[in-house]
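> What follows is a single structure, and I will ask about it in a moment.
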Amino acid sequence: MRTLAELLKRLRRGYGAKLARLHAWNGWIVVVLAVTGLILLGGFWRGVLGEGRVWIRWIHIVIGIASLAPVLYYLLLAAKHWKQLAGKTWQRFNVLAVLALLLGWLGSGVLLWQFRAVGPAWSNAALTVHDLLTWIGLPYIIYHSITRTKWLKEPHRRTVRTVNARSEHPNGPSGQQPAAMPQLEPFYTRRSFIRGAIGAGLAVTLGPSFLKWFGNTFGGAFTGSSSMERLIERDSNRLLPAPQPLPASMNPLGGGSVGQFRVYTVTPIPSFDNGNWSFRIDGLVNRKLQWNWEQFVQLKRKVQVSDFHCVTGWSVYRNTWEGIPLTEFLDLAGVRNEAKYVKFYSGDGVYTDALSLDQVAKMPDVMVAMLHDGQLIPSDLGGPVRLIVPAMYAYKSVKWLTRIELIDEDHTGYWEERGYAKDAWV
C-alpha cells in the first residue's frame, strides 16, 4: 500500500507539465482518429485510396486502442486535478465529457473491430453509438480546443473595456472622497464574441450533414418512413415492364426488413433502362445465355428471407428477397467439368468478385435478386439486379449484376485485392 502511495506521489510530481503533455498527446490522437475515421466513412476515398484504405483502417484501430493509455495515465492524476477544479463547474463538466467521449469511442470501436466475435446485433448498435459520439464529440472538441487557446483567453483583449468611473482627483475637487460610480460592464467581450462565432460556424458547417445522418439513422422512428422508401423514391433506373411480385413478397415473408441500409460504392452509381441493360452467362458453360429486361422479368422466381451483414459492422435483418437462385442459372447454362469458380461482374464496369463452386454448393440461398420486400431494388442498393450471398459479408453480394462467368482459375475480387478475406463467412 505504501509502495502504491509512493508511486502515485512520484507520478504526480511535476503534475502541471504532465497534464499539459497529456492534453497535447490526447489532442493529436483525436486528430488522427478524426481524419482516418472520416476517410473510412467517405465513399469518395474508397475509390481513390484502393488498398491504402485497409492500412488506414488499421491505423485507426491501433491509434484507437492506444488512446486508452493517456486516459489511464490521466486517471492517476485525476484526484489532484479534480481538487484543483473545485468550484469550476464548466471545467469539471469538460473533463467528464471528454473522458466519456474517449471511453465511448474506444468501447464501440473495439466492438466494431471484433465484429465477428460479438455478432451483428452488438456491432450494429456499436456503429450507431460510434457515429453518434463522432457527430457530438468532434464539434465539441474542435470548439473547446479553439476557444481555449492562449490568444483567445488573454483578458485584456476585450471589445468593451470596464470603465473606472471615479474622478481624476482621488479626493475630488473639495478634497472629499467621492462615491464610486457603478462600473460599466460590457455586453460582450472579444472572447465571447469569437466563441459565439466559432460555435455558429461549426453549426452551419456540420449541422446539415448531422441532420442527414440523424434522419437516415433514426428518421423512421419519428416519421414512420424508412430509408428504403427514400431510396426507392430516388431510384434512377427506368426499366419496363416492372416484375409482378409473388404473393410471398407482396406481404413480405420476413415481415419487412429491420435496420437501415448504408449506401457504399466504389464508382458513381450507374443507372439502367431497357436500352442499356442485359444479363448474360458465359465462360465454361455448355450454353451461353443472354436476356434483355423484357425476357429477364419472365424468368421463374422464388422468395427467401435472410439477414444482410456488412463487414463495416451494420446489419439489416429479415429481408425478403425475390429472384432466381444461382444454382438454377448454373443448371440452365450447364457447367463444364473444367469450371471451378463463378465470377460476377457489376454493371458499373469496375467491381467484380467470385465464389468457388464448392462454396456455391454449400450455399443454396445464393440468389440473383430483383425485389426486396416486394419492391424493385433501387439503384442505390444495386438494382435492378444484384447478387445476394446471405452467409457471407456484403462485399460478396455484387451490386448491379449483369454478367456471370464460369472460370477455371481463382479470381481475386475488388476488395480482396485491397486486403479483404476471400472467405467472407459471417
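Residue names in the C-alpha cells use chain letters A, B, ... in the order shown, residue numbers from 1 in each chain, and ligand numbers from 1 in the order shown.
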Identify, on the basis of only C-alpha atoms, every residue whose closest approach to Ala125 in chain A does not exceed 9 Å; exclude the query and any residue fewer than 3 positions from it along the same chain; express the result as an NGL selection string.

:A and (108 or 120-122 or 128-130 or 313-314)

> Could you name the residues that touch range 250-263 of chain A at 8 Å or less, counting only C-alpha atoms, but leaving out those on the same chain fewer than 5 positions away, as a list in words?

Asn216, Thr217, Ser226, Ser227, Met228, Pro245, Val303, Gln304, Val305, Ser315, Val316, Tyr317, Arg318, Asn319, Thr320, Asp373, Gly374, Asp380 and Leu381 of chain A

> Would you please work out which residue, of A:Ala242, A:Val30, A:Leu133, A:Ala391, is nearest to Ala100 in chain A when using only C-alpha atoms?

A:Leu133

> So what do you get for CA of Glu417 in chain A versus CA of Lys399 in chain A, distance-wise?

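Atom-to-atom, CA of Glu417 in chain A and CA of Lys399 in chain A are spaced 17.6 Å apart.
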
> Write out as number ranges by chain which residues come within 7 Å of Asn237 in chain A when counting only C-alpha atoms, dropping same-chain ones fewer than 4 positions away.

A: 271-273, 379

> Residues near Arg336 in chain A, anyone? I mean within 7 Å using only C-alpha atoms, not counting same-chain ones fewer than 6 positions away, as a PDB file with C-alpha atoms, in the first residue's frame.


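Wrote it out as out-v9.pdb, contents follow:
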```pdb
ATOM      1  CA  LEU A 284     -17.040 -22.509 -69.258  1.00  0.00           C
ATOM      2  CA  VAL A 285     -20.677 -23.430 -69.838  1.00  0.00           C
ATOM      3  CA  ASN A 286     -22.442 -25.684 -72.318  1.00  0.00           C
TER       4      ASN A 286
END
```

> May I ask which of the residues A:Ala200, A:Leu40, A:Val95, A:Val54 is the closest one to Glu416 in chain A, counting only C-alpha atoms?

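Of A:Ala200, A:Leu40, A:Val95, A:Val54, the one nearest Glu416 in chain A is A:Val54, counting only C-alpha atoms.
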
> Could you find all residues in range 220-419 of chain A that DSSP calls strand (DSSP E or B) from the backbone, and write them as a PyMOL selection string?

chain A and resi 238+258+273+278-283+285+289-292+302-309+315-325+335+341-346+352-356+367-372+375-376+386-388+392+401-407

> Step one, run DSSP on the backbone; step two, keep only residues of range 195-415 of chain A assigned to helix (DSSP H, G or I); then write them as an NGL selection string.

:A and (195-223 or 227-233 or 247-250 or 293-296 or 326-333 or 357-362 or 379-381 or 394-396)

> Could you save the residues just selected, with C-alpha atoms, as a compact mmCIF listing (two decimals), in the first residue's frame?


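To be explicit, this is the file written out as again32.txt:
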```txt
# COMPACT_ATOMS: atom_id res chain seq x y z
CA ARG A 195 -16.55 31.87 -29.18
CA GLY A 196 -20.08 32.52 -30.38
CA ALA A 197 -18.87 32.94 -33.96
CA ILE A 198 -16.93 29.67 -33.80
CA GLY A 199 -19.95 27.84 -32.42
CA ALA A 200 -22.21 29.28 -35.12
CA GLY A 201 -19.67 28.38 -37.81
CA LEU A 202 -19.49 24.77 -36.65
CA ALA A 203 -23.28 24.55 -36.51
CA VAL A 204 -23.66 25.92 -40.05
CA THR A 205 -20.85 23.73 -41.43
CA LEU A 206 -21.67 20.43 -39.75
CA GLY A 207 -25.36 20.84 -39.00
CA PRO A 208 -26.76 19.76 -42.39
CA SER A 209 -24.56 16.65 -42.51
CA PHE A 210 -25.53 15.74 -38.96
CA LEU A 211 -29.24 16.16 -39.71
CA LYS A 212 -28.90 13.99 -42.81
CA TRP A 213 -27.14 11.27 -40.80
CA PHE A 214 -29.65 11.55 -37.97
CA GLY A 215 -32.58 11.33 -40.38
CA ASN A 216 -31.14 8.29 -42.16
CA THR A 217 -30.39 6.53 -38.87
CA PHE A 218 -33.34 7.47 -36.68
CA GLY A 219 -35.79 9.17 -39.04
CA GLY A 220 -38.09 6.18 -39.38
CA ALA A 221 -38.69 6.15 -35.65
CA PHE A 222 -40.12 9.70 -35.78
CA THR A 223 -41.70 9.97 -39.23
CA SER A 227 -34.51 4.89 -45.60
CA MET A 228 -35.59 2.19 -48.06
CA GLU A 229 -38.64 4.26 -49.02
CA ARG A 230 -36.42 7.26 -49.68
CA LEU A 231 -34.04 5.12 -51.76
CA ILE A 232 -36.96 3.81 -53.81
CA GLU A 233 -38.19 7.38 -54.42
CA PRO A 247 -47.64 -13.28 -53.06
CA ALA A 248 -44.88 -14.04 -50.52
CA SER A 249 -43.23 -10.73 -51.48
CA MET A 250 -46.40 -8.65 -51.60
CA TRP A 293 -35.05 -6.87 -69.49
CA GLU A 294 -38.34 -7.93 -71.06
CA GLN A 295 -37.11 -11.53 -71.20
CA PHE A 296 -35.49 -11.47 -67.77
CA LEU A 326 -27.80 -19.02 -58.61
CA THR A 327 -27.84 -22.82 -58.84
CA GLU A 328 -30.80 -22.63 -61.23
CA PHE A 329 -28.88 -20.30 -63.54
CA LEU A 330 -25.92 -22.68 -63.46
CA ASP A 331 -28.15 -25.67 -64.21
CA LEU A 332 -29.75 -23.77 -67.08
CA ALA A 333 -26.40 -22.94 -68.67
CA LEU A 357 -18.27 -23.90 -56.99
CA ASP A 358 -17.58 -25.70 -53.70
CA GLN A 359 -18.76 -22.61 -51.81
CA VAL A 360 -21.84 -22.33 -54.02
CA ALA A 361 -22.69 -25.96 -53.29
CA LYS A 362 -22.73 -25.15 -49.56
CA SER A 379 -30.25 1.85 -57.94
CA ASP A 380 -28.50 3.00 -54.74
CA LEU A 381 -28.70 -0.56 -53.37
CA ALA A 394 -21.99 -7.93 -48.24
CA TYR A 395 -18.91 -7.17 -50.35
CA LYS A 396 -19.53 -10.59 -51.91
```

> Between CA of Glu409 in chain A and CA of Leu299 in chain A, what distance in Å does the model show, to one decimal?

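Atom-to-atom, CA of Glu409 in chain A to CA of Leu299 in chain A, that is 29.7 Å.
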
> How far is it from CA of Leu111 in chain A to CA of Trp25 in chain A, in Å with one decimal?

24.2 Å

> Write out as a PDB file with all heavy atoms, in the first residue's frame each polymer residue whose atoms come within 8 Å of range 73-83 of chain A, counting only C-alpha atoms; drop sequence neighbours fewer than 5 positions from it.


```pdb
ATOM      1  N   LEU A   8       2.316   6.809  -6.777  1.00  0.00           N
ATOM      2  CA  LEU A   8       1.402   7.884  -7.172  1.00  0.00           C
ATOM      3  C   LEU A   8       2.029   9.254  -6.908  1.00  0.00           C
ATOM      4  O   LEU A   8       1.859  10.184  -7.709  1.00  0.00           O
ATOM      5  CB  LEU A   8       0.080   7.753  -6.411  1.00  0.00           C
ATOM      6  CG  LEU A   8      -0.847   6.616  -6.852  1.00  0.00           C
ATOM      7  CD1 LEU A   8      -2.041   6.513  -5.921  1.00  0.00           C
ATOM      8  CD2 LEU A   8      -1.316   6.832  -8.287  1.00  0.00           C
ATOM      9  N   LEU A  11       4.448   9.908  -9.642  1.00  0.00           N
ATOM     10  CA  LEU A  11       3.744  10.183 -10.899  1.00  0.00           C
ATOM     11  C   LEU A  11       3.171  11.595 -10.924  1.00  0.00           C
ATOM     12  O   LEU A  11       3.129  12.237 -11.973  1.00  0.00           O
ATOM     13  CB  LEU A  11       2.620   9.167 -11.105  1.00  0.00           C
ATOM     14  CG  LEU A  11       3.030   7.766 -11.555  1.00  0.00           C
ATOM     15  CD1 LEU A  11       1.837   6.827 -11.530  1.00  0.00           C
ATOM     16  CD2 LEU A  11       3.608   7.810 -12.971  1.00  0.00           C
ATOM     17  N   ARG A  12       2.722  12.069  -9.751  1.00  0.00           N
ATOM     18  CA  ARG A  12       2.082  13.383  -9.693  1.00  0.00           C
ATOM     19  C   ARG A  12       3.084  14.522  -9.549  1.00  0.00           C
ATOM     20  O   ARG A  12       2.713  15.690  -9.572  1.00  0.00           O
ATOM     21  CB  ARG A  12       1.093  13.411  -8.523  1.00  0.00           C
ATOM     22  CG  ARG A  12      -0.127  12.524  -8.775  1.00  0.00           C
ATOM     23  CD  ARG A  12      -0.950  12.325  -7.538  1.00  0.00           C
ATOM     24  NE  ARG A  12      -2.103  11.470  -7.809  1.00  0.00           N
ATOM     25  CZ  ARG A  12      -2.899  10.960  -6.868  1.00  0.00           C
ATOM     26  NH1 ARG A  12      -2.670  11.235  -5.582  1.00  0.00           N
ATOM     27  NH2 ARG A  12      -3.911  10.186  -7.208  1.00  0.00           N
ATOM     28  N   TYR A  15       3.124  17.774 -11.827  1.00  0.00           N
ATOM     29  CA  TYR A  15       1.757  17.489 -12.273  1.00  0.00           C
ATOM     30  C   TYR A  15       1.281  18.398 -13.404  1.00  0.00           C
ATOM     31  O   TYR A  15       0.713  17.950 -14.394  1.00  0.00           O
ATOM     32  CB  TYR A  15       0.842  17.591 -11.046  1.00  0.00           C
ATOM     33  CG  TYR A  15      -0.570  18.003 -11.317  1.00  0.00           C
ATOM     34  CD1 TYR A  15      -1.516  17.079 -11.739  1.00  0.00           C
ATOM     35  CD2 TYR A  15      -0.976  19.333 -11.152  1.00  0.00           C
ATOM     36  CE1 TYR A  15      -2.823  17.453 -11.982  1.00  0.00           C
ATOM     37  CE2 TYR A  15      -2.274  19.710 -11.392  1.00  0.00           C
ATOM     38  CZ  TYR A  15      -3.194  18.768 -11.807  1.00  0.00           C
ATOM     39  OH  TYR A  15      -4.474  19.141 -12.055  1.00  0.00           O
ATOM     40  N   LEU A  19       0.197  17.195 -17.103  1.00  0.00           N
ATOM     41  CA  LEU A  19      -1.176  17.382 -17.557  1.00  0.00           C
ATOM     42  C   LEU A  19      -1.201  18.090 -18.918  1.00  0.00           C
ATOM     43  O   LEU A  19      -1.992  17.739 -19.800  1.00  0.00           O
ATOM     44  CB  LEU A  19      -1.960  18.191 -16.519  1.00  0.00           C
ATOM     45  CG  LEU A  19      -3.484  18.074 -16.583  1.00  0.00           C
ATOM     46  CD1 LEU A  19      -3.929  16.644 -16.356  1.00  0.00           C
ATOM     47  CD2 LEU A  19      -4.122  18.992 -15.550  1.00  0.00           C
ATOM     48  N   LEU A  22      -0.197  15.566 -21.538  1.00  0.00           N
ATOM     49  CA  LEU A  22      -1.328  14.655 -21.783  1.00  0.00           C
ATOM     50  C   LEU A  22      -2.368  15.302 -22.681  1.00  0.00           C
ATOM     51  O   LEU A  22      -2.906  14.663 -23.587  1.00  0.00           O
ATOM     52  CB  LEU A  22      -1.977  14.268 -20.442  1.00  0.00           C
ATOM     53  CG  LEU A  22      -1.499  13.002 -19.768  1.00  0.00           C
ATOM     54  CD1 LEU A  22      -2.262  12.791 -18.466  1.00  0.00           C
ATOM     55  CD2 LEU A  22      -1.690  11.793 -20.669  1.00  0.00           C
ATOM     56  N   ARG A  92     -15.007  21.158 -14.874  1.00  0.00           N
ATOM     57  CA  ARG A  92     -15.261  19.784 -14.441  1.00  0.00           C
ATOM     58  C   ARG A  92     -16.154  19.052 -15.451  1.00  0.00           C
ATOM     59  O   ARG A  92     -15.923  17.886 -15.772  1.00  0.00           O
ATOM     60  CB  ARG A  92     -15.913  19.784 -13.054  1.00  0.00           C
ATOM     61  CG  ARG A  92     -14.937  20.025 -11.926  1.00  0.00           C
ATOM     62  CD  ARG A  92     -15.577  19.758 -10.574  1.00  0.00           C
ATOM     63  NE  ARG A  92     -14.587  19.721  -9.516  1.00  0.00           N
ATOM     64  CZ  ARG A  92     -14.839  19.358  -8.259  1.00  0.00           C
ATOM     65  NH1 ARG A  92     -16.088  19.027  -7.904  1.00  0.00           N
ATOM     66  NH2 ARG A  92     -13.881  19.329  -7.362  1.00  0.00           N
TER      67      ARG A  92
END
```

> So that I can check the surroundings of Glu405 in chain A, please list as a PyMOL selection string every protein, DNA and RNA residue that reaches within 6 Å of it, counting only C-alpha atoms and ignoring chain neighbours fewer than 6 positions away.

chain A and resi 281-283+342-343

> Restricting the calculation to only C-alpha atoms: of A:Gln298, A:Thr412, A:Thr267, A:Gln290, which residue gets closest to Gly347 in chain A?

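Going through A:Gln298, A:Thr412, A:Thr267, A:Gln290 one by one, the smallest distance to Gly347 in chain A is for A:Thr267.
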